[in-house]
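**Student:** Below is model05.cif; it holds mmCIF, N, CA and C atoms.
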data_start
#
loop_
_atom_site.label_atom_id
_atom_site.label_comp_id
_atom_site.auth_asym_id
_atom_site.auth_seq_id
_atom_site.Cartn_x
_atom_site.Cartn_y
_atom_site.Cartn_z
N LYS Z 1426 -8.70 47.45 -28.03
CA LYS Z 1426 -9.88 46.67 -27.65
C LYS Z 1426 -10.15 46.75 -26.15
N ASN Z 1427 -9.09 46.86 -25.34
CA ASN Z 1427 -9.30 46.93 -23.90
C ASN Z 1427 -10.02 48.21 -23.50
N GLY Z 1428 -9.57 49.33 -24.06
CA GLY Z 1428 -10.23 50.60 -23.78
C GLY Z 1428 -11.68 50.58 -24.23
N LEU Z 1429 -11.93 49.98 -25.36
CA LEU Z 1429 -13.30 49.89 -25.87
C LEU Z 1429 -14.18 49.06 -24.93
N TRP Z 1430 -13.66 47.97 -24.41
CA TRP Z 1430 -14.41 47.15 -23.45
C TRP Z 1430 -14.78 47.99 -22.23
N ILE Z 1431 -13.82 48.75 -21.72
CA ILE Z 1431 -14.07 49.60 -20.55
C ILE Z 1431 -15.13 50.64 -20.88
N ILE Z 1432 -15.02 51.27 -22.03
CA ILE Z 1432 -15.99 52.30 -22.44
C ILE Z 1432 -17.39 51.73 -22.55
N ILE Z 1433 -17.53 50.57 -23.17
CA ILE Z 1433 -18.85 49.96 -23.33
C ILE Z 1433 -19.47 49.66 -21.97
N LYS Z 1434 -18.68 49.11 -21.05
CA LYS Z 1434 -19.19 48.85 -19.69
C LYS Z 1434 -19.63 50.15 -19.02
N LEU Z 1435 -18.83 51.19 -19.14
CA LEU Z 1435 -19.17 52.46 -18.51
C LEU Z 1435 -20.43 53.07 -19.13
N LEU Z 1436 -20.57 52.98 -20.43
CA LEU Z 1436 -21.77 53.50 -21.09
C LEU Z 1436 -23.03 52.80 -20.59
N HIS Z 1437 -22.94 51.52 -20.28
CA HIS Z 1437 -24.09 50.78 -19.75
C HIS Z 1437 -24.38 51.12 -18.30
N GLU Z 1438 -23.38 51.58 -17.57
CA GLU Z 1438 -23.53 51.73 -16.13
C GLU Z 1438 -23.65 53.16 -15.63
N LEU Z 1439 -23.13 54.12 -16.36
CA LEU Z 1439 -23.12 55.51 -15.88
C LEU Z 1439 -24.16 56.33 -16.63
N GLN Z 1440 -24.70 57.31 -15.94
CA GLN Z 1440 -25.75 58.14 -16.54
C GLN Z 1440 -25.20 59.21 -17.46
N VAL Z 1441 -24.03 59.74 -17.17
CA VAL Z 1441 -23.47 60.80 -17.99
C VAL Z 1441 -22.05 60.42 -18.39
N LEU Z 1442 -21.85 60.29 -19.70
CA LEU Z 1442 -20.53 59.94 -20.23
C LEU Z 1442 -20.53 60.28 -21.71
N LYS Z 1443 -19.52 60.96 -22.15
CA LYS Z 1443 -19.38 61.30 -23.55
C LYS Z 1443 -18.14 60.59 -24.07
N VAL Z 1444 -18.23 59.99 -25.25
CA VAL Z 1444 -17.15 59.15 -25.76
C VAL Z 1444 -16.76 59.59 -27.17
N ALA Z 1445 -15.46 59.65 -27.40
CA ALA Z 1445 -14.92 59.85 -28.75
C ALA Z 1445 -14.09 58.62 -29.10
N LEU Z 1446 -14.36 58.04 -30.24
CA LEU Z 1446 -13.59 56.89 -30.72
C LEU Z 1446 -12.94 57.27 -32.05
N PHE Z 1447 -11.64 57.16 -32.10
CA PHE Z 1447 -10.91 57.48 -33.33
C PHE Z 1447 -10.52 56.19 -34.02
N VAL Z 1448 -10.74 56.12 -35.34
CA VAL Z 1448 -10.48 54.90 -36.11
C VAL Z 1448 -9.17 54.99 -36.87
N GLU Z 1449 -8.68 53.82 -37.28
CA GLU Z 1449 -7.46 53.69 -38.08
C GLU Z 1449 -6.26 54.36 -37.43
N GLU Z 1450 -6.20 54.30 -36.12
CA GLU Z 1450 -5.12 54.97 -35.39
C GLU Z 1450 -3.78 54.25 -35.50
N GLU Z 1451 -3.81 52.96 -35.71
CA GLU Z 1451 -2.57 52.18 -35.69
C GLU Z 1451 -2.09 51.79 -37.08
N LYS Z 1452 -2.64 52.38 -38.12
CA LYS Z 1452 -2.20 52.07 -39.48
C LYS Z 1452 -0.75 52.48 -39.66
N LYS Z 1453 -0.03 51.70 -40.41
CA LYS Z 1453 1.37 52.01 -40.69
C LYS Z 1453 1.47 52.90 -41.93
N GLY Z 1454 2.55 53.61 -42.06
CA GLY Z 1454 2.75 54.46 -43.23
C GLY Z 1454 2.96 55.90 -42.84
N GLU Z 1455 3.03 56.75 -43.84
CA GLU Z 1455 3.36 58.15 -43.58
C GLU Z 1455 2.28 58.90 -42.81
N LEU Z 1456 1.05 58.42 -42.81
CA LEU Z 1456 -0.03 59.09 -42.09
C LEU Z 1456 -0.38 58.36 -40.79
N SER Z 1457 0.52 57.53 -40.28
CA SER Z 1457 0.18 56.71 -39.11
C SER Z 1457 0.05 57.54 -37.84
N GLY Z 1458 -0.79 57.05 -36.96
CA GLY Z 1458 -0.93 57.61 -35.62
C GLY Z 1458 -1.74 58.87 -35.52
N CYS Z 1459 -2.67 58.87 -34.61
CA CYS Z 1459 -3.47 60.05 -34.22
C CYS Z 1459 -4.18 60.71 -35.39
N ARG Z 1460 -4.54 59.96 -36.39
CA ARG Z 1460 -5.22 60.54 -37.55
C ARG Z 1460 -6.58 61.10 -37.19
N GLY Z 1461 -7.33 60.39 -36.34
CA GLY Z 1461 -8.65 60.87 -35.95
C GLY Z 1461 -8.57 62.12 -35.09
N SER Z 1462 -7.68 62.12 -34.11
CA SER Z 1462 -7.56 63.28 -33.23
C SER Z 1462 -6.95 64.49 -33.93
N LYS Z 1463 -6.21 64.26 -35.00
CA LYS Z 1463 -5.66 65.37 -35.78
C LYS Z 1463 -6.74 66.04 -36.62
N ASN Z 1464 -7.81 65.31 -36.93
CA ASN Z 1464 -8.80 65.81 -37.87
C ASN Z 1464 -10.21 65.96 -37.31
N CYS Z 1465 -10.42 65.62 -36.05
CA CYS Z 1465 -11.77 65.70 -35.48
C CYS Z 1465 -12.17 67.17 -35.25
N SER Z 1466 -13.46 67.37 -35.10
CA SER Z 1466 -13.97 68.69 -34.76
C SER Z 1466 -13.76 68.94 -33.28
N MET Z 1467 -13.06 70.02 -32.96
CA MET Z 1467 -12.82 70.35 -31.56
C MET Z 1467 -14.09 70.82 -30.85
N LYS Z 1468 -15.13 71.15 -31.60
CA LYS Z 1468 -16.41 71.54 -31.01
C LYS Z 1468 -16.98 70.41 -30.15
N PHE Z 1469 -16.66 69.17 -30.52
CA PHE Z 1469 -17.14 68.01 -29.77
C PHE Z 1469 -16.77 68.11 -28.29
N PHE Z 1470 -15.64 68.72 -27.99
CA PHE Z 1470 -15.11 68.76 -26.64
C PHE Z 1470 -15.51 70.01 -25.85
N GLU Z 1471 -16.36 70.87 -26.43
CA GLU Z 1471 -16.71 72.12 -25.77
C GLU Z 1471 -17.44 71.94 -24.44
N ASP Z 1472 -18.15 70.84 -24.25
CA ASP Z 1472 -18.92 70.66 -23.02
C ASP Z 1472 -18.36 69.56 -22.11
N VAL Z 1473 -17.09 69.20 -22.30
CA VAL Z 1473 -16.49 68.18 -21.44
C VAL Z 1473 -15.65 68.84 -20.34
N LEU Z 1474 -15.57 68.19 -19.20
CA LEU Z 1474 -14.78 68.69 -18.07
C LEU Z 1474 -13.35 68.16 -18.10
N TYR Z 1475 -13.16 66.98 -18.67
CA TYR Z 1475 -11.85 66.35 -18.77
C TYR Z 1475 -11.93 65.20 -19.77
N VAL Z 1476 -10.77 64.69 -20.17
CA VAL Z 1476 -10.70 63.56 -21.10
C VAL Z 1476 -9.81 62.49 -20.50
N LEU Z 1477 -10.40 61.29 -20.31
CA LEU Z 1477 -9.64 60.14 -19.87
C LEU Z 1477 -9.53 59.18 -21.04
N ALA Z 1478 -8.36 59.07 -21.61
CA ALA Z 1478 -8.12 58.10 -22.68
C ALA Z 1478 -7.71 56.79 -22.01
N VAL Z 1479 -8.27 55.70 -22.47
CA VAL Z 1479 -7.95 54.39 -21.92
C VAL Z 1479 -7.29 53.59 -23.04
N ASP Z 1480 -6.02 53.91 -23.27
CA ASP Z 1480 -5.33 53.36 -24.44
C ASP Z 1480 -3.82 53.31 -24.20
N ARG Z 1481 -3.41 52.77 -23.07
CA ARG Z 1481 -1.99 52.69 -22.74
C ARG Z 1481 -1.66 51.25 -22.34
N LYS Z 1482 -0.53 50.78 -22.81
CA LYS Z 1482 -0.07 49.43 -22.44
C LYS Z 1482 0.24 49.38 -20.95
N GLY Z 1483 0.32 48.17 -20.43
CA GLY Z 1483 0.69 47.99 -19.04
C GLY Z 1483 -0.48 48.09 -18.10
N CYS Z 1484 -0.14 48.31 -16.82
CA CYS Z 1484 -1.19 48.26 -15.80
C CYS Z 1484 -1.09 49.35 -14.74
N SER Z 1485 -0.17 50.30 -14.89
CA SER Z 1485 -0.01 51.22 -13.77
C SER Z 1485 0.25 52.67 -14.17
N ASP Z 1486 0.14 53.00 -15.44
CA ASP Z 1486 0.48 54.35 -15.90
C ASP Z 1486 -0.74 55.24 -16.06
N VAL Z 1487 -0.58 56.47 -15.58
CA VAL Z 1487 -1.48 57.56 -15.95
C VAL Z 1487 -0.56 58.61 -16.58
N VAL Z 1488 -0.62 58.74 -17.90
CA VAL Z 1488 0.24 59.67 -18.60
C VAL Z 1488 -0.32 61.08 -18.43
N THR Z 1489 0.47 61.93 -17.76
CA THR Z 1489 0.04 63.29 -17.49
C THR Z 1489 0.88 64.33 -18.24
N ASN Z 1490 1.97 63.90 -18.85
CA ASN Z 1490 2.84 64.76 -19.65
C ASN Z 1490 3.40 63.94 -20.80
N SER Z 1491 3.61 64.60 -21.93
CA SER Z 1491 4.21 63.89 -23.06
C SER Z 1491 5.72 63.99 -22.97
N MET Z 1492 6.38 63.13 -23.71
CA MET Z 1492 7.85 63.17 -23.78
C MET Z 1492 8.32 64.52 -24.32
N ARG Z 1493 7.45 65.17 -25.12
CA ARG Z 1493 7.79 66.49 -25.67
C ARG Z 1493 7.46 67.61 -24.70
N LYS Z 1494 7.21 67.25 -23.44
CA LYS Z 1494 6.95 68.22 -22.36
C LYS Z 1494 5.62 68.97 -22.54
N ILE Z 1495 4.67 68.33 -23.15
CA ILE Z 1495 3.33 68.90 -23.25
C ILE Z 1495 2.55 68.44 -22.03
N GLU Z 1496 2.11 69.40 -21.21
CA GLU Z 1496 1.36 69.04 -20.01
C GLU Z 1496 -0.08 68.69 -20.39
N LEU Z 1497 -0.48 67.49 -20.05
CA LEU Z 1497 -1.84 67.05 -20.31
C LEU Z 1497 -2.77 67.45 -19.17
N CYS Z 1498 -2.22 67.42 -17.96
CA CYS Z 1498 -2.97 67.85 -16.78
C CYS Z 1498 -1.97 68.15 -15.67
N ASN Z 1499 -2.40 68.92 -14.69
CA ASN Z 1499 -1.49 69.18 -13.58
C ASN Z 1499 -1.51 68.01 -12.61
N ALA Z 1500 -0.55 68.00 -11.71
CA ALA Z 1500 -0.35 66.86 -10.82
C ALA Z 1500 -1.53 66.59 -9.89
N SER Z 1501 -2.37 67.58 -9.66
CA SER Z 1501 -3.50 67.38 -8.75
C SER Z 1501 -4.74 66.80 -9.45
N PHE Z 1502 -4.73 66.70 -10.77
CA PHE Z 1502 -5.91 66.18 -11.47
C PHE Z 1502 -6.18 64.71 -11.16
N PRO Z 1503 -5.21 63.81 -11.31
CA PRO Z 1503 -5.51 62.42 -10.95
C PRO Z 1503 -5.67 62.32 -9.43
N PRO Z 1504 -6.81 61.85 -8.94
CA PRO Z 1504 -7.01 61.77 -7.49
C PRO Z 1504 -5.97 60.85 -6.84
N ALA Z 1505 -5.17 61.41 -5.95
CA ALA Z 1505 -4.04 60.68 -5.34
C ALA Z 1505 -4.52 59.42 -4.61
N HIS Z 1506 -5.65 59.51 -3.93
CA HIS Z 1506 -6.12 58.33 -3.20
C HIS Z 1506 -6.52 57.20 -4.14
N LEU Z 1507 -7.03 57.53 -5.33
CA LEU Z 1507 -7.37 56.49 -6.30
C LEU Z 1507 -6.12 55.92 -6.97
N LEU Z 1508 -5.14 56.78 -7.23
CA LEU Z 1508 -3.87 56.28 -7.77
C LEU Z 1508 -3.31 55.21 -6.83
N ARG Z 1509 -3.26 55.51 -5.54
CA ARG Z 1509 -2.73 54.56 -4.55
C ARG Z 1509 -3.59 53.30 -4.48
N GLN Z 1510 -4.89 53.50 -4.41
CA GLN Z 1510 -5.81 52.37 -4.23
C GLN Z 1510 -5.71 51.36 -5.38
N TYR Z 1511 -5.57 51.85 -6.60
CA TYR Z 1511 -5.57 50.96 -7.77
C TYR Z 1511 -4.18 50.68 -8.33
N GLY Z 1512 -3.14 51.22 -7.68
CA GLY Z 1512 -1.77 50.90 -8.08
C GLY Z 1512 -1.28 51.64 -9.31
N TYR Z 1513 -1.74 52.86 -9.51
CA TYR Z 1513 -1.31 53.66 -10.66
C TYR Z 1513 -0.35 54.76 -10.22
N GLU Z 1514 0.43 55.28 -11.17
CA GLU Z 1514 1.31 56.41 -10.92
C GLU Z 1514 1.35 57.30 -12.15
N CYS Z 1515 1.63 58.58 -11.95
CA CYS Z 1515 1.73 59.54 -13.04
C CYS Z 1515 3.09 59.40 -13.72
N VAL Z 1516 3.07 59.37 -15.05
CA VAL Z 1516 4.29 59.19 -15.83
C VAL Z 1516 4.25 60.09 -17.08
N ASN Z 1517 5.40 60.21 -17.74
CA ASN Z 1517 5.47 60.83 -19.06
C ASN Z 1517 5.21 59.74 -20.10
N GLY Z 1518 4.61 60.13 -21.22
CA GLY Z 1518 4.32 59.16 -22.27
C GLY Z 1518 4.61 59.70 -23.64
N GLY Z 1519 4.40 58.88 -24.63
CA GLY Z 1519 4.70 59.23 -26.02
C GLY Z 1519 3.50 59.73 -26.78
N LYS Z 1520 3.50 59.45 -28.06
CA LYS Z 1520 2.45 59.90 -28.97
C LYS Z 1520 1.12 59.24 -28.61
N THR Z 1521 0.11 60.06 -28.47
CA THR Z 1521 -1.22 59.56 -28.13
C THR Z 1521 -2.27 60.60 -28.55
N ASP Z 1522 -3.50 60.17 -28.63
CA ASP Z 1522 -4.57 61.09 -29.05
C ASP Z 1522 -4.73 62.29 -28.13
N VAL Z 1523 -4.60 62.10 -26.82
CA VAL Z 1523 -4.78 63.24 -25.93
C VAL Z 1523 -3.66 64.26 -26.08
N VAL Z 1524 -2.45 63.82 -26.43
CA VAL Z 1524 -1.37 64.77 -26.72
C VAL Z 1524 -1.74 65.58 -27.96
N GLU Z 1525 -2.25 64.91 -28.97
CA GLU Z 1525 -2.66 65.61 -30.20
C GLU Z 1525 -3.77 66.61 -29.90
N LEU Z 1526 -4.75 66.22 -29.09
CA LEU Z 1526 -5.84 67.13 -28.74
C LEU Z 1526 -5.33 68.35 -27.99
N LYS Z 1527 -4.41 68.14 -27.05
CA LYS Z 1527 -3.83 69.27 -26.32
C LYS Z 1527 -3.04 70.18 -27.26
N THR Z 1528 -2.31 69.60 -28.17
CA THR Z 1528 -1.55 70.38 -29.16
C THR Z 1528 -2.48 71.24 -29.99
N ARG Z 1529 -3.69 70.74 -30.24
CA ARG Z 1529 -4.68 71.47 -31.02
C ARG Z 1529 -5.45 72.48 -30.17
N GLY Z 1530 -5.13 72.60 -28.89
CA GLY Z 1530 -5.73 73.63 -28.07
C GLY Z 1530 -6.78 73.19 -27.08
N LEU Z 1531 -6.98 71.90 -26.89
CA LEU Z 1531 -7.97 71.45 -25.91
C LEU Z 1531 -7.58 71.96 -24.53
N GLY Z 1532 -8.50 72.65 -23.87
CA GLY Z 1532 -8.18 73.34 -22.63
C GLY Z 1532 -8.58 72.62 -21.36
N VAL Z 1533 -9.00 71.37 -21.44
CA VAL Z 1533 -9.39 70.64 -20.24
C VAL Z 1533 -8.31 69.61 -19.88
N PRO Z 1534 -8.26 69.17 -18.63
CA PRO Z 1534 -7.28 68.15 -18.25
C PRO Z 1534 -7.50 66.85 -19.03
N CYS Z 1535 -6.40 66.22 -19.38
CA CYS Z 1535 -6.42 64.96 -20.12
C CYS Z 1535 -5.38 64.01 -19.54
N CYS Z 1536 -5.55 62.74 -19.79
CA CYS Z 1536 -4.50 61.77 -19.48
C CYS Z 1536 -4.78 60.50 -20.27
N ASN Z 1537 -3.79 59.63 -20.31
CA ASN Z 1537 -3.91 58.34 -20.98
C ASN Z 1537 -3.62 57.27 -19.94
N ILE Z 1538 -4.50 56.29 -19.81
CA ILE Z 1538 -4.47 55.34 -18.71
C ILE Z 1538 -4.17 53.93 -19.22
N SER Z 1539 -3.25 53.25 -18.52
CA SER Z 1539 -2.95 51.84 -18.83
C SER Z 1539 -4.19 50.99 -18.62
N CYS Z 1540 -4.37 50.02 -19.53
CA CYS Z 1540 -5.58 49.19 -19.43
C CYS Z 1540 -5.32 47.71 -19.65
N GLY Z 1541 -4.12 47.24 -19.30
CA GLY Z 1541 -3.89 45.81 -19.20
C GLY Z 1541 -3.48 45.07 -20.45
N TYR Z 1542 -2.99 45.76 -21.48
CA TYR Z 1542 -2.49 45.01 -22.64
C TYR Z 1542 -0.97 45.14 -22.72
N TYR Z 1543 -0.38 44.16 -23.38
CA TYR Z 1543 1.08 44.05 -23.44
C TYR Z 1543 1.51 43.63 -24.85
N ASN Z 1544 2.76 43.93 -25.20
CA ASN Z 1544 3.31 43.66 -26.54
C ASN Z 1544 2.43 44.31 -27.61
N ALA Z 1545 2.15 45.58 -27.40
CA ALA Z 1545 1.20 46.32 -28.23
C ALA Z 1545 1.54 46.26 -29.71
N HIS Z 1546 0.51 46.10 -30.52
CA HIS Z 1546 0.58 46.18 -31.98
C HIS Z 1546 1.50 45.13 -32.58
N THR Z 1547 1.59 43.99 -31.95
CA THR Z 1547 2.37 42.88 -32.50
C THR Z 1547 1.48 41.64 -32.53
N SER Z 1548 1.96 40.60 -33.17
CA SER Z 1548 1.21 39.34 -33.18
C SER Z 1548 1.26 38.66 -31.81
N GLU Z 1549 2.08 39.20 -30.91
CA GLU Z 1549 2.22 38.66 -29.55
C GLU Z 1549 1.41 39.46 -28.53
N GLU Z 1550 0.56 40.39 -28.99
CA GLU Z 1550 -0.22 41.20 -28.06
C GLU Z 1550 -1.17 40.31 -27.24
N TYR Z 1551 -1.28 40.63 -25.96
CA TYR Z 1551 -2.19 39.90 -25.09
C TYR Z 1551 -2.74 40.82 -24.01
N THR Z 1552 -3.81 40.38 -23.37
CA THR Z 1552 -4.45 41.11 -22.28
C THR Z 1552 -4.34 40.30 -20.99
N ASN Z 1553 -3.97 40.98 -19.93
CA ASN Z 1553 -4.04 40.40 -18.60
C ASN Z 1553 -5.40 40.81 -18.04
N ILE Z 1554 -6.29 39.85 -17.87
CA ILE Z 1554 -7.67 40.13 -17.49
C ILE Z 1554 -7.75 40.84 -16.13
N LEU Z 1555 -6.93 40.44 -15.19
CA LEU Z 1555 -6.94 41.11 -13.88
C LEU Z 1555 -6.53 42.58 -14.00
N HIS Z 1556 -5.56 42.87 -14.85
CA HIS Z 1556 -5.14 44.26 -15.06
C HIS Z 1556 -6.23 45.05 -15.78
N LEU Z 1557 -6.91 44.41 -16.72
CA LEU Z 1557 -8.02 45.07 -17.42
C LEU Z 1557 -9.15 45.39 -16.44
N GLN Z 1558 -9.50 44.46 -15.59
CA GLN Z 1558 -10.56 44.69 -14.62
C GLN Z 1558 -10.18 45.78 -13.62
N ASN Z 1559 -8.93 45.82 -13.23
CA ASN Z 1559 -8.46 46.88 -12.33
C ASN Z 1559 -8.54 48.24 -13.03
N ALA Z 1560 -8.17 48.29 -14.30
CA ALA Z 1560 -8.26 49.55 -15.06
C ALA Z 1560 -9.70 50.03 -15.13
N TYR Z 1561 -10.62 49.11 -15.39
CA TYR Z 1561 -12.03 49.47 -15.42
C TYR Z 1561 -12.48 50.04 -14.07
N ALA Z 1562 -12.13 49.36 -12.99
CA ALA Z 1562 -12.52 49.82 -11.65
C ALA Z 1562 -11.92 51.19 -11.35
N PHE Z 1563 -10.68 51.40 -11.75
CA PHE Z 1563 -10.00 52.67 -11.55
C PHE Z 1563 -10.70 53.80 -12.30
N VAL Z 1564 -10.97 53.59 -13.58
CA VAL Z 1564 -11.62 54.63 -14.38
C VAL Z 1564 -13.02 54.91 -13.86
N ARG Z 1565 -13.76 53.88 -13.53
CA ARG Z 1565 -15.11 54.09 -13.00
C ARG Z 1565 -15.06 54.87 -11.68
N ALA Z 1566 -14.16 54.50 -10.79
CA ALA Z 1566 -14.03 55.21 -9.52
C ALA Z 1566 -13.65 56.67 -9.76
N TRP Z 1567 -12.80 56.93 -10.72
CA TRP Z 1567 -12.37 58.30 -11.04
C TRP Z 1567 -13.55 59.11 -11.53
N VAL Z 1568 -14.32 58.56 -12.47
CA VAL Z 1568 -15.49 59.27 -13.01
C VAL Z 1568 -16.51 59.53 -11.90
N GLU Z 1569 -16.76 58.55 -11.06
CA GLU Z 1569 -17.72 58.74 -9.97
C GLU Z 1569 -17.21 59.76 -8.96
N TYR Z 1570 -15.92 59.75 -8.67
CA TYR Z 1570 -15.33 60.71 -7.73
C TYR Z 1570 -15.48 62.14 -8.26
N THR Z 1571 -15.18 62.35 -9.53
CA THR Z 1571 -15.28 63.70 -10.09
C THR Z 1571 -16.72 64.18 -10.18
N ALA Z 1572 -17.67 63.26 -10.27
CA ALA Z 1572 -19.08 63.64 -10.29
C ALA Z 1572 -19.52 64.15 -8.93
N GLU Z 1573 -18.83 63.70 -7.86
CA GLU Z 1573 -19.18 64.09 -6.50
C GLU Z 1573 -18.60 65.43 -6.10
N VAL Z 1574 -17.42 65.80 -6.65
CA VAL Z 1574 -16.76 67.04 -6.24
C VAL Z 1574 -17.11 68.20 -7.11
#
Translate this file's structure into structure tokens.
**Tutor:**
Amino acid sequence: KNGLWIIIKLLHELQVLKVALFVEEEKKGELSGCRGSKNCSMKFFEDVLYVLAVDRKGCSDVVTNSMRKIELCNASFPPAHLLRQYGYECVNGGKTDVVELKTRGLGVPCCNISCGYYNAHTSEEYTNILHLQNAYAFVRAWVEYTAEV
């Protein structure tokens, strides 16, 4: 829900933005996780420059590599000055849609960004509003920065 809130705000405020939303991603069972990204049409991504997923717990992670050593983007992709300004750092992460997309051959830089939620997928899940607002500001600044360069 936090990533969706950020996306909706960005869609209202930015002139150019393309969004992919995958459904039923957190269902339990043998088909759990990344079902949408495993089955989507890769043609959708032919005209994108990069993919910023906003679907990571916490408040300071930019996942640039998977635990399985799949490189999502090189170290220079996340703008260092924005990482510092908004309190983010590059980390390794687990199973996520952008890892699945890269595994399927997506050739553009990707990452997964923390967006202020905690105790993910439990009845104790909550959002820290200040962390959510910081995530929004970070993603917006990143998109605007890349539009300039």
**Student:** Which is closest to Val1524 of chain Z among Z:Ala1562, Z:Val1444, Z:Cys1484, Z:Cys1536, if we use all atoms listed in the file?
**Tutor:**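 Residue with the minimum atom-to-atom distance to Val1524 of chain Z: Z:Cys1536.
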**Student:** Selected by the PyMOL selection byres ((chain Z and resi 1486) around 8) in the shown coordinates: which residues, as a list of chain:residue names?
**Tutor:** Z:Arg1481, Z:Lys1482, Z:Gly1483, Z:Cys1484, Z:Ser1485, Z:Val1487, Z:Val1488, Z:Thr1489, Z:Gly1512, Z:Tyr1513, Z:Glu1514, Z:Cys1515, Z:Val1516, Z:Asn1517, Z:Cys1536, Z:Asn1537, Z:Ile1538, Z:Ser1539, Z:Cys1540
**Student:** Go ahead and write the selection's residues with N, CA and C atoms as a compact mmCIF listing (two decimals), in the frame of the given file.
**Tutor:**
# COMPACT_ATOMS: atom_id res chain seq x y z
N ARG Z 1481 -3.41 52.77 -23.07
CA ARG Z 1481 -1.99 52.69 -22.74
C ARG Z 1481 -1.66 51.25 -22.34
N LYS Z 1482 -0.53 50.78 -22.81
CA LYS Z 1482 -0.07 49.43 -22.44
C LYS Z 1482 0.24 49.38 -20.95
N GLY Z 1483 0.32 48.17 -20.43
CA GLY Z 1483 0.69 47.99 -19.04
C GLY Z 1483 -0.48 48.09 -18.10
N CYS Z 1484 -0.14 48.31 -16.82
CA CYS Z 1484 -1.19 48.26 -15.80
C CYS Z 1484 -1.09 49.35 -14.74
N SER Z 1485 -0.17 50.30 -14.89
CA SER Z 1485 -0.01 51.22 -13.77
C SER Z 1485 0.25 52.67 -14.17
N VAL Z 1487 -0.58 56.47 -15.58
CA VAL Z 1487 -1.48 57.56 -15.95
C VAL Z 1487 -0.56 58.61 -16.58
N VAL Z 1488 -0.62 58.74 -17.90
CA VAL Z 1488 0.24 59.67 -18.60
C VAL Z 1488 -0.32 61.08 -18.43
N THR Z 1489 0.47 61.93 -17.76
CA THR Z 1489 0.04 63.29 -17.49
C THR Z 1489 0.88 64.33 -18.24
N GLY Z 1512 -3.14 51.22 -7.68
CA GLY Z 1512 -1.77 50.90 -8.08
C GLY Z 1512 -1.28 51.64 -9.31
N TYR Z 1513 -1.74 52.86 -9.51
CA TYR Z 1513 -1.31 53.66 -10.66
C TYR Z 1513 -0.35 54.76 -10.22
N GLU Z 1514 0.43 55.28 -11.17
CA GLU Z 1514 1.31 56.41 -10.92
C GLU Z 1514 1.35 57.30 -12.15
N CYS Z 1515 1.63 58.58 -11.95
CA CYS Z 1515 1.73 59.54 -13.04
C CYS Z 1515 3.09 59.40 -13.72
N VAL Z 1516 3.07 59.37 -15.05
CA VAL Z 1516 4.29 59.19 -15.83
C VAL Z 1516 4.25 60.09 -17.08
N ASN Z 1517 5.40 60.21 -17.74
CA ASN Z 1517 5.47 60.83 -19.06
C ASN Z 1517 5.21 59.74 -20.10
N CYS Z 1536 -5.55 62.74 -19.79
CA CYS Z 1536 -4.50 61.77 -19.48
C CYS Z 1536 -4.78 60.50 -20.27
N ASN Z 1537 -3.79 59.63 -20.31
CA ASN Z 1537 -3.91 58.34 -20.98
C ASN Z 1537 -3.62 57.27 -19.94
N ILE Z 1538 -4.50 56.29 -19.81
CA ILE Z 1538 -4.47 55.34 -18.71
C ILE Z 1538 -4.17 53.93 -19.22
N SER Z 1539 -3.25 53.25 -18.52
CA SER Z 1539 -2.95 51.84 -18.83
C SER Z 1539 -4.19 50.99 -18.62
N CYS Z 1540 -4.37 50.02 -19.53
CA CYS Z 1540 -5.58 49.19 -19.43
C CYS Z 1540 -5.32 47.71 -19.65
**Student:** Around the point (-3.9, 65.6, -27.8) in the file's coordinates, collect all residues with an atom within 8 Å, using all atoms listed in the file, and return them as a list in words.
**Tutor:**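 The distance filter leaves exactly Ser1462, Lys1463, Leu1497, Thr1521, Asp1522, Val1523, Val1524, Glu1525, Leu1526, Lys1527, Thr1528, Arg1529, Gly1530 and Leu1531 of chain Z.
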**Student:** To one decimal place, how far is atom C of Ile1432 of chain Z from atom N of Met1492 of chain Z in Å?
**Tutor:**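 Distance between the two atoms: 26.4 Å.
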**Student:** Would you mind writing down, as a list in words, each residue of chain Z that DSSP on the backbone assigns to strand (DSSP E)?
**Tutor:**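 Filtering chain Z to strand (DSSP E) leaves Val1476, Leu1477, Ala1478, Val1479, Asp1480, Arg1481, Asp1486, Val1487, Val1488, Thr1489, Asn1490, Ser1491, Glu1514, Cys1515, Val1516, Asn1517, Gly1518, Cys1535, Cys1536, Asn1537, Ile1538, Ser1539, Tyr1542, Tyr1543, Tyr1551 and Thr1552 of chain Z.
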**Student:** One number please: atom C of Cys1535 of chain Z to atom N of Met1467 of chain Z, in Å, one decimal.
**Tutor:**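 Computing it gives 16.6 Å between the two atoms.
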